[in-house]
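Containing TSV, C-alpha atoms: data.tsv.
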```
chain	number	residue	atom	x	y	z
A	1	MET	CA	155.29	128.22	-3.02
A	2	ALA	CA	153.35	130.88	-4.88
A	3	THR	CA	154.60	134.44	-4.74
A	4	PRO	CA	152.49	136.40	-2.26
A	5	LYS	CA	150.58	139.40	-3.54
A	6	PRO	CA	152.19	142.73	-2.68
A	7	LEU	CA	151.20	144.17	0.67
A	8	THR	CA	150.23	147.77	1.27
A	9	PHE	CA	151.97	149.74	4.01
A	10	ARG	CA	151.31	152.80	6.11
A	11	LEU	CA	152.70	154.40	9.23
A	12	ALA	CA	150.77	153.76	12.43
A	13	THR	CA	149.16	156.48	14.50
A	14	PRO	CA	148.35	156.21	18.21
A	15	LYS	CA	144.79	155.23	17.27
A	16	ASP	CA	146.21	152.04	15.67
A	17	ALA	CA	147.86	150.80	18.86
A	18	PRO	CA	144.84	148.75	20.09
A	19	ALA	CA	144.84	146.80	16.79
A	20	LEU	CA	148.62	146.35	16.76
A	21	GLN	CA	148.96	144.99	20.30
A	22	PRO	CA	147.11	141.68	19.74
A	23	LEU	CA	149.00	141.13	16.48
A	24	VAL	CA	152.37	141.52	18.23
A	25	GLN	CA	151.22	139.41	21.18
A	26	SER	CA	149.96	136.60	18.93
A	27	ALA	CA	153.23	136.45	17.00
A	28	TYR	CA	155.42	136.01	20.08
A	29	ARG	CA	153.60	134.76	23.17
A	30	GLY	CA	150.93	132.28	24.16
A	31	GLU	CA	149.43	129.32	22.38
A	32	THR	CA	148.44	131.28	19.27
A	33	SER	CA	152.10	132.10	18.66
A	34	ARG	CA	152.86	128.39	18.30
A	35	LYS	CA	150.97	128.38	14.98
A	36	GLY	CA	153.92	130.30	13.51
A	37	TRP	CA	157.65	129.72	13.68
A	38	THR	CA	158.65	132.93	15.49
A	39	SER	CA	157.14	132.09	18.88
A	40	GLU	CA	158.92	132.96	22.11
A	41	ALA	CA	156.39	130.91	24.10
A	42	ASP	CA	159.04	128.46	25.31
A	43	LEU	CA	161.25	131.33	26.50
A	44	LEU	CA	158.90	133.93	27.97
A	45	VAL	CA	155.35	134.22	29.27
A	46	GLY	CA	153.15	137.25	29.60
A	47	THR	CA	152.61	140.41	27.64
A	48	ARG	CA	155.13	141.15	24.85
A	49	ILE	CA	154.12	144.82	24.73
A	50	ASN	CA	151.04	146.68	25.92
A	51	VAL	CA	149.04	149.35	24.07
A	52	ALA	CA	150.81	152.15	25.95
A	53	GLY	CA	154.17	150.73	24.88
A	54	ILE	CA	153.10	150.73	21.25
A	55	VAL	CA	151.84	154.31	21.51
A	56	GLU	CA	155.22	155.26	22.99
A	57	LYS	CA	157.02	153.69	20.00
A	58	ILE	CA	154.71	155.52	17.58
A	59	GLU	CA	155.27	158.87	19.30
A	60	THR	CA	159.02	158.54	19.85
A	61	PRO	CA	161.02	160.97	17.69
A	62	ASN	CA	162.81	159.22	14.80
A	63	SER	CA	160.62	156.15	15.27
A	64	ALA	CA	158.04	154.70	12.91
A	65	VAL	CA	155.73	151.76	13.39
A	66	ILE	CA	154.93	150.38	9.95
A	67	MET	CA	151.69	148.48	9.39
A	68	ALA	CA	151.26	145.93	6.58
A	69	PHE	CA	147.91	145.07	5.04
A	70	SER	CA	147.00	142.27	2.65
A	71	PRO	CA	144.77	143.25	-0.30
A	72	SER	CA	144.05	139.56	-0.88
A	73	LEU	CA	142.61	139.33	2.68
A	74	ASN	CA	140.25	142.31	2.49
A	75	ASN	CA	143.08	144.64	3.51
A	76	ALA	CA	143.45	142.94	6.88
A	77	LEU	CA	146.35	143.96	9.11
A	78	VAL	CA	148.80	141.06	8.73
A	79	ALA	CA	152.13	142.38	10.00
A	80	CYS	CA	154.00	145.28	11.55
A	81	CYS	CA	157.44	146.42	12.61
A	82	GLU	CA	159.23	149.34	14.18
A	83	VAL	CA	162.09	151.28	12.61
A	84	LEU	CA	163.95	153.49	15.06
A	85	LEU	CA	166.32	155.83	13.27
A	86	LYS	CA	169.61	156.73	14.95
A	87	PRO	CA	170.69	159.61	12.69
A	88	SER	CA	173.98	160.33	14.49
A	89	ARG	CA	175.12	156.78	13.68
A	90	LYS	CA	173.25	156.52	10.34
A	91	ILE	CA	171.61	153.33	11.60
A	92	GLY	CA	168.04	152.13	11.59
A	93	TYR	CA	167.01	149.72	14.34
A	94	PHE	CA	164.49	147.08	13.24
A	95	GLY	CA	162.21	145.77	15.97
A	96	MET	CA	158.71	144.75	17.05
A	97	PHE	CA	158.50	142.62	13.91
A	98	ALA	CA	155.27	140.65	13.93
A	99	VAL	CA	153.48	138.60	11.28
A	100	ASP	CA	150.13	136.96	11.96
A	101	PRO	CA	151.22	133.43	13.02
A	102	THR	CA	148.61	131.79	10.79
A	103	LEU	CA	150.19	133.53	7.77
A	104	GLN	CA	153.88	133.02	8.54
A	105	ALA	CA	156.21	131.28	6.08
A	106	GLY	CA	154.31	132.75	3.13
A	107	GLY	CA	156.51	135.67	2.14
A	108	ILE	CA	154.83	138.39	4.20
A	109	GLY	CA	157.80	138.82	6.52
A	110	ARG	CA	160.16	139.22	3.59
A	111	GLN	CA	158.04	142.06	2.19
A	112	VAL	CA	157.85	143.81	5.56
A	113	LEU	CA	161.61	143.57	6.07
A	114	VAL	CA	162.33	145.00	2.60
A	115	ASN	CA	159.87	147.84	3.19
A	116	ALA	CA	161.47	148.64	6.57
A	117	GLU	CA	164.94	148.65	5.01
A	118	GLN	CA	163.74	151.01	2.27
A	119	TYR	CA	162.14	153.29	4.86
A	120	ALA	CA	165.37	153.42	6.88
A	121	LYS	CA	167.48	154.09	3.79
A	122	ILE	CA	165.19	156.90	2.57
A	123	HIS	CA	165.56	158.47	6.02
A	124	GLY	CA	169.37	158.45	5.95
A	125	ALA	CA	170.31	155.09	7.44
A	126	GLU	CA	173.27	153.33	5.90
A	127	LYS	CA	172.84	150.21	8.02
A	128	MET	CA	169.97	148.31	9.60
A	129	GLU	CA	170.53	146.76	13.00
A	130	MET	CA	168.46	144.38	15.09
A	131	THR	CA	168.69	142.20	18.16
A	132	VAL	CA	167.56	138.56	18.33
A	133	ILE	CA	167.49	136.27	21.37
A	134	TRP	CA	170.61	134.13	20.99
A	135	THR	CA	168.73	130.80	21.22
A	136	ARG	CA	166.57	131.67	18.16
A	137	LYS	CA	168.91	129.98	15.69
A	138	GLU	CA	166.28	129.46	12.95
A	139	LEU	CA	165.31	133.13	13.12
A	140	ILE	CA	168.93	134.28	13.01
A	141	GLU	CA	169.49	132.03	9.99
A	142	TRP	CA	166.46	133.59	8.27
A	143	TYR	CA	167.96	137.06	8.69
A	144	VAL	CA	171.39	135.87	7.52
A	145	ARG	CA	169.74	134.59	4.32
A	146	ARG	CA	168.43	138.15	3.85
A	147	GLY	CA	171.89	139.69	4.03
A	148	TYR	CA	172.34	140.30	7.75
A	149	THR	CA	175.61	139.57	9.52
A	150	VAL	CA	175.80	138.30	13.08
A	151	THR	CA	178.19	140.57	14.97
A	152	ASP	CA	180.25	139.74	18.05
A	153	GLU	CA	178.21	142.23	20.07
A	154	ARG	CA	176.02	140.93	22.88
A	155	ARG	CA	173.23	142.95	24.53
A	156	GLU	CA	171.54	142.11	27.76
A	157	PHE	CA	167.90	141.05	27.84
A	158	PRO	CA	165.73	143.78	29.44
A	159	HIS	CA	164.29	141.74	32.30
A	160	GLU	CA	163.19	144.96	34.00
A	161	GLU	CA	160.86	145.63	31.03
A	162	LEU	CA	158.95	142.41	31.78
A	163	ALA	CA	157.96	143.83	35.17
A	164	LYS	CA	156.40	146.90	33.49
A	165	MET	CA	153.97	144.85	31.39
A	166	ASP	CA	150.42	143.93	32.37
A	167	GLY	CA	149.87	140.59	34.13
A	168	GLU	CA	152.38	137.91	35.03
A	169	ASN	CA	155.50	138.21	32.92
A	170	ARG	CA	158.63	136.16	33.35
A	171	ALA	CA	161.40	134.37	31.58
A	172	LEU	CA	161.09	130.58	31.45
A	173	VAL	CA	164.80	130.08	30.90
A	174	GLU	CA	167.96	131.55	32.39
A	175	ASP	CA	170.66	133.23	30.35
A	176	LEU	CA	168.55	135.27	27.93
A	177	TRP	CA	170.51	137.83	25.92
A	178	PHE	CA	170.58	139.21	22.41
A	179	LYS	CA	172.84	138.77	19.43
A	180	VAL	CA	173.19	141.89	17.29
A	181	LEU	CA	172.71	141.57	13.54
A	182	VAL	CA	173.60	144.27	11.00
A	183	LYS	CA	173.08	144.80	7.27
A	184	GLU	CA	174.52	147.47	4.96
A	185	LEU	CA	171.68	149.20	3.15
```
Starting from the file, lay out its structure as structure tokens.
Amino acid sequence: MATPKPLTFRLATPKDAPALQPLVQSAYRGETSRKGWTSEADLLVGTRINVAGIVEKIETPNSAVIMAFSPSLNNALVACCEVLLKPSRKIGYFGMFAVDPTLQAGGIGRQVLVNAEQYAKIHGAEKMEMTVIWTRKELIEWYVRRGYTVTDERREFPHEELAKMDGENRALVEDLWFKVLVKEL
């Protein structure tokens, strides 16, 4: 596989939320998500996050939503993530990671993850933490190959958050919960 061209990054503003929402939705839910390998379509249906939820992440203190653009695709928005800094614990939380499903498995995700780790480190984090649905073995393995360790910690799935989203939202399987992964920065 050819090395992907470097992406450009910038922090999102509330005005970017309407462009970010369909990217996140397409990476996780619905038929479009099945074009990539990170789909949750067999686990959950409905809205992954709405525009208001993205604005909230952008405006939360110690939180940054990072947007990634591809110069080789006319600077199109191709990926995003959230880094929530927890200064008292010197931890960055990595979430809302989305890569356009038609562009997955081409090195974009790797670049976004590295950029997010650098952002967290520059802002005082000594570790990066994330949660992954426990059944997502291939995704967990991808993170392990990038230096993350699967901890013994288990976090509950926020079923109540599904009810807050627009439209019909529900889990398709029982027993959803998260594994916690950590990496020293």
Inset, instruction - Name the residues within 9 Å of (170.7, 150.7, 7.2), counting all atoms listed in the file in the file's coordinates, and put them as a PyMOL selection string. - result: chain A and resi 90-93+117-118+120-121+124-129+182-185
Selected residues, C-alpha atoms, written as a PDB file, in the coordinates of the input, please.
```
ATOM      1  CA  LYS A  90     173.250 156.520  10.340  1.00  0.00           C
ATOM      2  CA  ILE A  91     171.610 153.330  11.600  1.00  0.00           C
ATOM      3  CA  GLY A  92     168.040 152.130  11.590  1.00  0.00           C
ATOM      4  CA  TYR A  93     167.010 149.720  14.340  1.00  0.00           C
ATOM      5  CA  GLU A 117     164.940 148.650   5.010  1.00  0.00           C
ATOM      6  CA  GLN A 118     163.740 151.010   2.270  1.00  0.00           C
ATOM      7  CA  ALA A 120     165.370 153.420   6.880  1.00  0.00           C
ATOM      8  CA  LYS A 121     167.480 154.090   3.790  1.00  0.00           C
ATOM      9  CA  GLY A 124     169.370 158.450   5.950  1.00  0.00           C
ATOM     10  CA  ALA A 125     170.310 155.090   7.440  1.00  0.00           C
ATOM     11  CA  GLU A 126     173.270 153.330   5.900  1.00  0.00           C
ATOM     12  CA  LYS A 127     172.840 150.210   8.020  1.00  0.00           C
ATOM     13  CA  MET A 128     169.970 148.310   9.600  1.00  0.00           C
ATOM     14  CA  GLU A 129     170.530 146.760  13.000  1.00  0.00           C
ATOM     15  CA  VAL A 182     173.600 144.270  11.000  1.00  0.00           C
ATOM     16  CA  LYS A 183     173.080 144.800   7.270  1.00  0.00           C
ATOM     17  CA  GLU A 184     174.520 147.470   4.960  1.00  0.00           C
ATOM     18  CA  LEU A 185     171.680 149.200   3.150  1.00  0.00           C
TER      19      LEU A 185
END
```
Residues of range 98-161 of chain A within 12 Å of range 53-69 of chain A: nearest atom pair and distance (Å, one decimal) for each, counting all atoms listed in the file, sorted by chain and number, as JSON lines?
```
{"residue": "A:Ala98", "atom": "CA", "partner": "A:Met67", "partner_atom": "CA", "distance": 9.7}
{"residue": "A:Val99", "atom": "CA", "partner": "A:Ala68", "partner_atom": "CA", "distance": 9.0}
{"residue": "A:Asp100", "atom": "CA", "partner": "A:Ala68", "partner_atom": "CA", "distance": 10.5}
{"residue": "A:Ile108", "atom": "CA", "partner": "A:Ala68", "partner_atom": "CA", "distance": 8.7}
{"residue": "A:Gly109", "atom": "CA", "partner": "A:Ala68", "partner_atom": "CA", "distance": 9.7}
{"residue": "A:Arg110", "atom": "CA", "partner": "A:Ala68", "partner_atom": "CA", "distance": 11.5}
{"residue": "A:Gln111", "atom": "CA", "partner": "A:Ala68", "partner_atom": "CA", "distance": 9.0}
{"residue": "A:Val112", "atom": "CA", "partner": "A:Ala68", "partner_atom": "CA", "distance": 7.0}
{"residue": "A:Leu113", "atom": "CA", "partner": "A:Ile66", "partner_atom": "CA", "distance": 10.3}
{"residue": "A:Val114", "atom": "CA", "partner": "A:Ile66", "partner_atom": "CA", "distance": 11.7}
{"residue": "A:Asn115", "atom": "CA", "partner": "A:Ile66", "partner_atom": "CA", "distance": 8.7}
{"residue": "A:Ala116", "atom": "CA", "partner": "A:Ile66", "partner_atom": "CA", "distance": 7.6}
{"residue": "A:Glu117", "atom": "CA", "partner": "A:Ile66", "partner_atom": "CA", "distance": 11.3}
{"residue": "A:Gln118", "atom": "CA", "partner": "A:Ile66", "partner_atom": "CA", "distance": 11.7}
{"residue": "A:Tyr119", "atom": "CA", "partner": "A:Ala64", "partner_atom": "CA", "distance": 9.1}
{"residue": "A:Ala120", "atom": "CA", "partner": "A:Ala64", "partner_atom": "CA", "distance": 9.6}
{"residue": "A:His123", "atom": "CA", "partner": "A:Asn62", "partner_atom": "CA", "distance": 9.2}
{"residue": "A:Gly124", "atom": "CA", "partner": "A:Asn62", "partner_atom": "CA", "distance": 11.0}
{"residue": "A:Ala125", "atom": "CA", "partner": "A:Asn62", "partner_atom": "CA", "distance": 11.3}
{"residue": "A:Glu161", "atom": "CA", "partner": "A:Gly53", "partner_atom": "CA", "distance": 10.4}
```
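Here CA of Cys81 in chain A and CA of Gln25 in chain A stand 12.7 Å from one another.
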Legend entry - Between CA of Pro71 in chain A and CA of Pro6 in chain A, distance in Å (one decimal): 7.8 Å
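Straight-line separation from CA of Glu156 in chain A to CA of Phe178 in chain A: 6.2 Å.
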